[in-house]
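Asks: Hey, dropping model.txt in here, compact mmCIF, N, CA and C atoms:
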# COMPACT_ATOMS: atom_id res chain seq x y z
N MET I 331 52.91 376.52 280.65
CA MET I 331 51.49 376.74 280.74
C MET I 331 51.11 377.98 279.94
N ALA I 332 52.09 378.76 279.51
CA ALA I 332 51.80 379.96 278.75
C ALA I 332 51.14 379.63 277.41
N GLU I 333 51.41 378.44 276.87
CA GLU I 333 50.83 378.09 275.58
C GLU I 333 49.38 377.62 275.68
N ILE I 334 48.88 377.44 276.89
CA ILE I 334 47.49 377.03 277.09
C ILE I 334 46.67 378.28 277.41
N LYS I 335 45.65 378.52 276.61
CA LYS I 335 44.82 379.71 276.82
C LYS I 335 43.95 379.55 278.06
N LYS I 336 43.55 380.70 278.63
CA LYS I 336 42.73 380.70 279.84
C LYS I 336 41.40 379.97 279.61
N LEU I 337 40.80 380.15 278.46
CA LEU I 337 39.55 379.47 278.17
C LEU I 337 39.74 377.96 278.26
N ARG I 338 40.84 377.46 277.71
CA ARG I 338 41.11 376.02 277.75
C ARG I 338 41.30 375.56 279.19
N LEU I 339 41.98 376.36 280.01
CA LEU I 339 42.15 376.00 281.42
C LEU I 339 40.80 375.93 282.13
N HIS I 340 39.91 376.87 281.82
CA HIS I 340 38.58 376.85 282.42
C HIS I 340 37.78 375.62 281.95
N LEU I 341 37.92 375.28 280.67
CA LEU I 341 37.23 374.09 280.16
C LEU I 341 37.77 372.82 280.81
N LEU I 342 39.09 372.76 280.99
CA LEU I 342 39.68 371.61 281.68
C LEU I 342 39.14 371.51 283.10
N ARG I 343 39.13 372.62 283.81
CA ARG I 343 38.62 372.61 285.18
C ARG I 343 37.14 372.20 285.22
N ALA I 344 36.37 372.68 284.26
CA ALA I 344 34.96 372.30 284.21
C ALA I 344 34.81 370.80 284.00
N MET I 345 35.65 370.21 283.17
CA MET I 345 35.59 368.77 282.93
C MET I 345 36.00 368.00 284.18
N TYR I 346 37.07 368.45 284.85
CA TYR I 346 37.46 367.80 286.10
C TYR I 346 36.34 367.89 287.14
N LEU I 347 35.69 369.04 287.20
CA LEU I 347 34.58 369.21 288.14
C LEU I 347 33.42 368.27 287.79
N LEU I 348 33.10 368.19 286.52
CA LEU I 348 32.02 367.30 286.08
C LEU I 348 32.31 365.85 286.46
N ILE I 349 33.53 365.41 286.21
CA ILE I 349 33.92 364.03 286.52
C ILE I 349 33.90 363.80 288.03
N SER I 350 34.57 364.68 288.77
CA SER I 350 34.68 364.46 290.22
C SER I 350 33.33 364.59 290.91
N LEU I 351 32.54 365.56 290.53
CA LEU I 351 31.23 365.74 291.15
C LEU I 351 30.28 364.59 290.78
N GLY I 352 30.29 364.22 289.51
CA GLY I 352 29.44 363.11 289.08
C GLY I 352 29.77 361.82 289.80
N LEU I 353 31.06 361.53 289.94
CA LEU I 353 31.47 360.31 290.64
C LEU I 353 31.26 360.44 292.15
N ALA I 354 31.43 361.65 292.68
CA ALA I 354 31.19 361.85 294.11
C ALA I 354 29.73 361.58 294.46
N LEU I 355 28.84 361.94 293.57
CA LEU I 355 27.40 361.74 293.82
C LEU I 355 26.95 360.30 293.56
N THR I 356 27.61 359.61 292.64
CA THR I 356 27.15 358.28 292.26
C THR I 356 27.96 357.14 292.88
N ILE I 357 29.25 357.32 293.03
CA ILE I 357 30.13 356.24 293.48
C ILE I 357 30.47 356.33 294.97
N TRP I 358 30.82 357.51 295.42
CA TRP I 358 31.30 357.64 296.80
C TRP I 358 30.27 357.27 297.86
N PRO I 359 28.98 357.54 297.68
CA PRO I 359 28.04 357.08 298.72
C PRO I 359 28.10 355.57 298.95
N GLU I 360 28.25 354.81 297.89
CA GLU I 360 28.33 353.35 298.02
C GLU I 360 29.67 352.92 298.62
N ILE I 361 30.72 353.71 298.40
CA ILE I 361 32.01 353.41 299.02
C ILE I 361 31.95 353.68 300.52
N ILE I 362 31.36 354.80 300.90
CA ILE I 362 31.31 355.19 302.31
C ILE I 362 30.26 354.37 303.07
N PHE I 363 29.09 354.19 302.47
CA PHE I 363 27.99 353.46 303.10
C PHE I 363 27.55 352.30 302.21
N PRO I 364 28.36 351.25 302.13
CA PRO I 364 28.00 350.14 301.23
C PRO I 364 26.73 349.42 301.69
N SER I 365 25.95 349.00 300.70
CA SER I 365 24.74 348.26 301.02
C SER I 365 25.07 346.89 301.62
N GLN I 366 26.19 346.33 301.19
CA GLN I 366 26.69 345.09 301.78
C GLN I 366 28.20 345.06 301.63
N ARG I 367 28.85 344.37 302.53
CA ARG I 367 30.32 344.27 302.50
C ARG I 367 30.72 343.05 301.68
N LEU I 368 30.95 343.28 300.41
CA LEU I 368 31.39 342.22 299.51
C LEU I 368 32.73 342.61 298.91
N SER I 369 33.41 341.62 298.40
CA SER I 369 34.63 341.86 297.66
C SER I 369 34.47 341.18 296.30
N ASP I 370 33.89 341.92 295.36
CA ASP I 370 33.66 341.37 294.03
C ASP I 370 34.04 342.41 292.98
N GLU I 371 33.71 342.10 291.72
CA GLU I 371 34.12 343.00 290.63
C GLU I 371 33.48 344.39 290.73
N SER I 372 32.30 344.49 291.30
CA SER I 372 31.68 345.81 291.41
C SER I 372 32.42 346.68 292.42
N THR I 373 32.99 346.08 293.47
CA THR I 373 33.75 346.89 294.43
C THR I 373 35.08 347.33 293.85
N VAL I 374 35.64 346.53 292.97
CA VAL I 374 36.87 346.94 292.28
C VAL I 374 36.57 348.15 291.39
N ILE I 375 35.46 348.08 290.65
CA ILE I 375 35.06 349.19 289.79
C ILE I 375 34.80 350.44 290.62
N GLN I 376 34.09 350.29 291.74
CA GLN I 376 33.82 351.44 292.62
C GLN I 376 35.12 352.05 293.14
N SER I 377 36.07 351.22 293.52
CA SER I 377 37.35 351.72 294.03
C SER I 377 38.10 352.48 292.94
N LEU I 378 38.13 351.91 291.76
CA LEU I 378 38.81 352.56 290.64
C LEU I 378 38.16 353.91 290.32
N LEU I 379 36.84 353.94 290.24
CA LEU I 379 36.15 355.18 289.93
C LEU I 379 36.23 356.17 291.09
N GLY I 380 36.28 355.68 292.31
CA GLY I 380 36.48 356.56 293.46
C GLY I 380 37.84 357.25 293.38
N ALA I 381 38.87 356.49 293.03
CA ALA I 381 40.20 357.07 292.86
C ALA I 381 40.21 358.08 291.71
N LEU I 382 39.53 357.74 290.63
CA LEU I 382 39.43 358.66 289.49
C LEU I 382 38.79 359.98 289.92
N ALA I 383 37.76 359.90 290.77
CA ALA I 383 37.10 361.12 291.27
C ALA I 383 38.08 361.98 292.06
N LEU I 384 38.90 361.36 292.89
CA LEU I 384 39.87 362.11 293.69
C LEU I 384 40.91 362.78 292.82
N PHE I 385 41.42 362.05 291.83
CA PHE I 385 42.42 362.63 290.95
C PHE I 385 41.81 363.70 290.04
N ALA I 386 40.58 363.52 289.63
CA ALA I 386 39.90 364.56 288.85
C ALA I 386 39.73 365.83 289.68
N ALA I 387 39.45 365.67 290.97
CA ALA I 387 39.35 366.84 291.85
C ALA I 387 40.69 367.56 291.94
N LEU I 388 41.78 366.82 291.91
CA LEU I 388 43.11 367.44 291.87
C LEU I 388 43.30 368.28 290.61
N GLY I 389 42.62 367.88 289.54
CA GLY I 389 42.69 368.62 288.29
C GLY I 389 42.13 370.02 288.39
N LEU I 390 41.27 370.27 289.37
CA LEU I 390 40.77 371.64 289.57
C LEU I 390 41.92 372.57 289.94
N ARG I 391 42.87 372.07 290.70
CA ARG I 391 44.04 372.87 291.12
C ARG I 391 45.16 372.81 290.09
N TYR I 392 45.34 371.64 289.48
CA TYR I 392 46.44 371.42 288.53
C TYR I 392 45.88 370.92 287.20
N PRO I 393 45.22 371.77 286.44
CA PRO I 393 44.54 371.29 285.23
C PRO I 393 45.47 370.70 284.17
N ILE I 394 46.65 371.23 284.03
CA ILE I 394 47.58 370.73 283.01
C ILE I 394 48.25 369.43 283.48
N LYS I 395 48.68 369.41 284.72
CA LYS I 395 49.37 368.23 285.24
C LYS I 395 48.47 367.00 285.28
N MET I 396 47.18 367.20 285.35
CA MET I 396 46.25 366.07 285.47
C MET I 396 45.63 365.66 284.13
N ILE I 397 46.15 366.17 283.04
CA ILE I 397 45.66 365.77 281.71
C ILE I 397 45.67 364.25 281.53
N PRO I 398 46.66 363.51 282.04
CA PRO I 398 46.59 362.05 281.90
C PRO I 398 45.31 361.43 282.46
N ILE I 399 44.70 362.06 283.45
CA ILE I 399 43.42 361.56 283.97
C ILE I 399 42.35 361.64 282.89
N LEU I 400 42.34 362.74 282.14
CA LEU I 400 41.37 362.88 281.06
C LEU I 400 41.66 361.90 279.93
N LEU I 401 42.93 361.66 279.65
CA LEU I 401 43.29 360.67 278.64
C LEU I 401 42.85 359.27 279.07
N PHE I 402 43.02 358.97 280.35
CA PHE I 402 42.54 357.70 280.89
C PHE I 402 41.02 357.60 280.77
N GLU I 403 40.33 358.67 281.15
CA GLU I 403 38.87 358.71 281.07
C GLU I 403 38.39 358.45 279.64
N LEU I 404 38.99 359.12 278.69
CA LEU I 404 38.64 358.95 277.29
C LEU I 404 38.94 357.53 276.82
N THR I 405 40.08 357.00 277.20
CA THR I 405 40.51 355.68 276.74
C THR I 405 39.63 354.56 277.28
N TRP I 406 39.34 354.58 278.57
CA TRP I 406 38.53 353.47 279.12
C TRP I 406 37.12 353.50 278.55
N LYS I 407 36.59 354.70 278.34
CA LYS I 407 35.24 354.80 277.79
C LYS I 407 35.20 354.32 276.34
N LEU I 408 36.21 354.69 275.56
CA LEU I 408 36.27 354.21 274.18
C LEU I 408 36.39 352.69 274.13
N ILE I 409 37.25 352.14 274.98
CA ILE I 409 37.41 350.68 275.01
C ILE I 409 36.09 350.01 275.37
N TRP I 410 35.41 350.52 276.39
CA TRP I 410 34.15 349.89 276.80
C TRP I 410 33.11 349.97 275.69
N ILE I 411 33.01 351.13 275.06
CA ILE I 411 32.02 351.29 273.98
C ILE I 411 32.33 350.35 272.83
N LEU I 412 33.58 350.35 272.35
CA LEU I 412 33.94 349.57 271.18
C LEU I 412 33.99 348.06 271.44
N ALA I 413 34.50 347.68 272.60
CA ALA I 413 34.69 346.25 272.87
C ALA I 413 33.47 345.57 273.49
N PHE I 414 32.63 346.33 274.17
CA PHE I 414 31.52 345.69 274.90
C PHE I 414 30.14 346.19 274.48
N ALA I 415 29.92 347.50 274.54
CA ALA I 415 28.57 348.01 274.28
C ALA I 415 28.13 347.82 272.83
N LEU I 416 28.97 348.21 271.88
CA LEU I 416 28.56 348.09 270.47
C LEU I 416 28.35 346.64 270.02
N PRO I 417 29.22 345.71 270.39
CA PRO I 417 28.95 344.31 270.02
C PRO I 417 27.65 343.78 270.62
N VAL I 418 27.35 344.14 271.86
CA VAL I 418 26.09 343.71 272.46
C VAL I 418 24.92 344.34 271.73
N TRP I 419 25.03 345.62 271.45
CA TRP I 419 23.97 346.34 270.75
C TRP I 419 23.73 345.76 269.36
N ALA I 420 24.80 345.31 268.71
CA ALA I 420 24.68 344.75 267.36
C ALA I 420 23.95 343.41 267.35
N THR I 421 24.01 342.68 268.45
CA THR I 421 23.41 341.34 268.47
C THR I 421 22.11 341.24 269.27
N THR I 422 21.96 342.09 270.27
CA THR I 422 20.76 342.03 271.10
C THR I 422 20.32 343.44 271.47
N GLU I 423 19.22 343.50 272.16
CA GLU I 423 18.75 344.78 272.67
C GLU I 423 19.50 345.08 273.97
N LEU I 424 19.83 346.36 274.18
CA LEU I 424 20.56 346.74 275.38
C LEU I 424 19.63 346.77 276.58
N ASP I 425 20.14 346.29 277.72
CA ASP I 425 19.37 346.41 278.96
C ASP I 425 19.52 347.83 279.51
N ILE I 426 18.79 348.14 280.55
CA ILE I 426 18.77 349.50 281.11
C ILE I 426 20.16 349.93 281.57
N TYR I 427 20.86 349.05 282.28
CA TYR I 427 22.21 349.39 282.77
C TYR I 427 23.14 349.73 281.61
N THR I 428 23.14 348.91 280.58
CA THR I 428 24.02 349.13 279.44
C THR I 428 23.64 350.41 278.70
N GLU I 429 22.35 350.68 278.55
CA GLU I 429 21.91 351.92 277.90
C GLU I 429 22.40 353.14 278.66
N GLU I 430 22.21 353.12 279.98
CA GLU I 430 22.62 354.27 280.80
C GLU I 430 24.14 354.44 280.78
N THR I 431 24.87 353.35 280.87
CA THR I 431 26.32 353.41 280.84
C THR I 431 26.81 353.88 279.47
N LEU I 432 26.20 353.38 278.41
CA LEU I 432 26.57 353.81 277.07
C LEU I 432 26.34 355.30 276.90
N PHE I 433 25.21 355.80 277.36
CA PHE I 433 24.93 357.23 277.26
C PHE I 433 25.98 358.04 278.02
N ALA I 434 26.30 357.64 279.25
CA ALA I 434 27.31 358.35 280.05
C ALA I 434 28.68 358.31 279.37
N CYS I 435 29.02 357.16 278.82
CA CYS I 435 30.32 357.03 278.14
C CYS I 435 30.37 357.88 276.87
N LEU I 436 29.28 357.91 276.13
CA LEU I 436 29.24 358.73 274.91
C LEU I 436 29.40 360.21 275.23
N ILE I 437 28.79 360.65 276.32
CA ILE I 437 28.96 362.05 276.75
C ILE I 437 30.44 362.33 276.99
N GLY I 438 31.11 361.43 277.70
CA GLY I 438 32.54 361.60 277.95
C GLY I 438 33.37 361.57 276.69
N VAL I 439 33.03 360.65 275.78
CA VAL I 439 33.79 360.52 274.53
C VAL I 439 33.60 361.76 273.64
N ILE I 440 32.50 362.44 273.80
CA ILE I 440 32.26 363.67 273.04
C ILE I 440 32.92 364.87 273.71
N LEU I 441 32.74 365.01 275.03
CA LEU I 441 33.21 366.22 275.72
C LEU I 441 34.71 366.24 276.01
N VAL I 442 35.26 365.12 276.43
CA VAL I 442 36.68 365.10 276.82
C VAL I 442 37.60 365.53 275.67
N PRO I 443 37.42 365.02 274.45
CA PRO I 443 38.31 365.48 273.38
C PRO I 443 38.19 366.98 273.07
N ILE I 444 37.04 367.56 273.36
CA ILE I 444 36.85 368.98 273.12
C ILE I 444 37.71 369.81 274.06
N VAL I 445 37.85 369.39 275.31
CA VAL I 445 38.57 370.20 276.29
C VAL I 445 40.07 369.92 276.33
N ILE I 446 40.50 368.78 275.86
CA ILE I 446 41.93 368.44 275.90
C ILE I 446 42.70 369.34 274.93
N PRO I 447 43.79 369.95 275.40
CA PRO I 447 44.65 370.74 274.51
C PRO I 447 45.58 369.80 273.73
N TRP I 448 45.13 369.36 272.56
CA TRP I 448 45.81 368.30 271.83
C TRP I 448 47.22 368.68 271.38
N LYS I 449 47.46 369.95 271.04
CA LYS I 449 48.83 370.35 270.68
C LYS I 449 49.78 370.16 271.86
N TYR I 450 49.31 370.54 273.02
CA TYR I 450 50.12 370.36 274.23
C TYR I 450 50.37 368.88 274.48
N VAL I 451 49.34 368.05 274.38
CA VAL I 451 49.48 366.61 274.59
C VAL I 451 50.49 366.03 273.60
N TYR I 452 50.39 366.45 272.36
CA TYR I 452 51.32 365.96 271.34
C TYR I 452 52.77 366.33 271.71
N LYS I 453 52.98 367.59 272.08
CA LYS I 453 54.33 368.05 272.42
C LYS I 453 54.87 367.37 273.68
N GLN I 454 54.02 367.17 274.67
CA GLN I 454 54.47 366.64 275.96
C GLN I 454 54.61 365.12 275.99
N TYR I 455 53.74 364.42 275.27
CA TYR I 455 53.69 362.97 275.43
C TYR I 455 54.09 362.18 274.19
N ILE I 456 53.99 362.79 273.02
CA ILE I 456 54.27 362.05 271.80
C ILE I 456 55.56 362.51 271.14
N ASN I 457 55.68 363.78 270.92
CA ASN I 457 56.86 364.33 270.25
C ASN I 457 57.87 364.84 271.26
N THR I 458 58.25 364.01 272.17
CA THR I 458 59.20 364.40 273.19
C THR I 458 60.60 363.95 272.81
N LYS I 459 61.57 364.75 273.16
CA LYS I 459 62.97 364.45 272.83
C LYS I 459 63.70 363.81 274.02
N THR I 460 62.98 363.56 275.08
CA THR I 460 63.57 362.99 276.29
C THR I 460 63.98 361.53 276.05
N LYS I 461 65.19 361.21 276.48
CA LYS I 461 65.65 359.82 276.39
C LYS I 461 65.31 359.11 277.69
N LEU I 462 64.89 357.87 277.56
CA LEU I 462 64.56 357.07 278.76
C LEU I 462 65.76 356.38 279.29
As structure tokens - that is how I would like this structure written.
Replies:
Amino acid sequence: MAEIKKLRLHLLRAMYLLISLGLALTIWPEIIFPSQRLSDESTVIQSLLGALALFAALGLRYPIKMIPILLFELTWKLIWILAFALPVWATTELDIYTEETLFACLIGVILVPIVIPWKYVYKQYINTKTKL
């Protein structure tokens, strides 16, 4: 952790806080007090995002160890934007839900790469000498 500067640690914690707080305010109320008890794709999404909020909160205590959460956050948002939002936008007008989701995803795609310590990620996950 000595190679990660304090500013970067604070930025990581701020991002974990943004993710966990944002999801706590938007997703967790529906998990705790659902409008209806259904088992469909929206409840799967809520469960996944609820878990993401909990792990992001762990990032406040362990900012370096939880970097994979930020990589996951960046990856799913990029996939959604490239595979779903942009093709829809290219052929039709976006509805309100898609516009709002696209805006939220774009914020993540812009901010997450700024806070990730990419040299550390490269050394730990890509250029590793560990044998499996």
Asks: Under the rule that all atoms listed in the file are counted, which of I:Gly438, I:Val445, I:Glu360, I:Thr405 is the nearest residue to Leu342 in chain I?
Replies: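 Among the listed residues, I:Val445 lies closest to Leu342 in chain I.
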Asks: For Leu400 in chain I, which of I:Leu441, I:Tyr450, I:Ser365, I:Thr458 is the closest residue, counting only C-alpha atoms?
Replies: I:Leu441
Asks: Using all atoms listed in the file, can you tell me which of I:Tyr452, I:Tyr346, I:Tyr427, I:Trp406 comes closest to Ala383 in chain I?
Replies: I:Tyr346
Asks: Please return, as number ranges by chain, all residues of chain I that DSSP assigns to helix (DSSP H, G or I) on the basis of the backbone.
Replies: I: 336-356, 358-362, 371-391, 397-421, 426-445, 448-456
Asks: What does the distance from CA of Asn457 in chain I to CA of Leu408 in chain I come to in Å, to one decimal?
Replies: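 According to the coordinates, CA of Asn457 in chain I and CA of Leu408 in chain I are separated by 23.3 Å.
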Asks: Measure the distance from CA of Thr421 in chain I to CA of Pro443 in chain I in Å and round it to one decimal.
Replies: 28.8 Å
Asks: What is the distance between atom C of Lys449 in chain I and atom C of His340 in chain I, in Å to one decimal?
Replies: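 Separating atom C of Lys449 in chain I from atom C of His340 in chain I is a distance of 16.6 Å.
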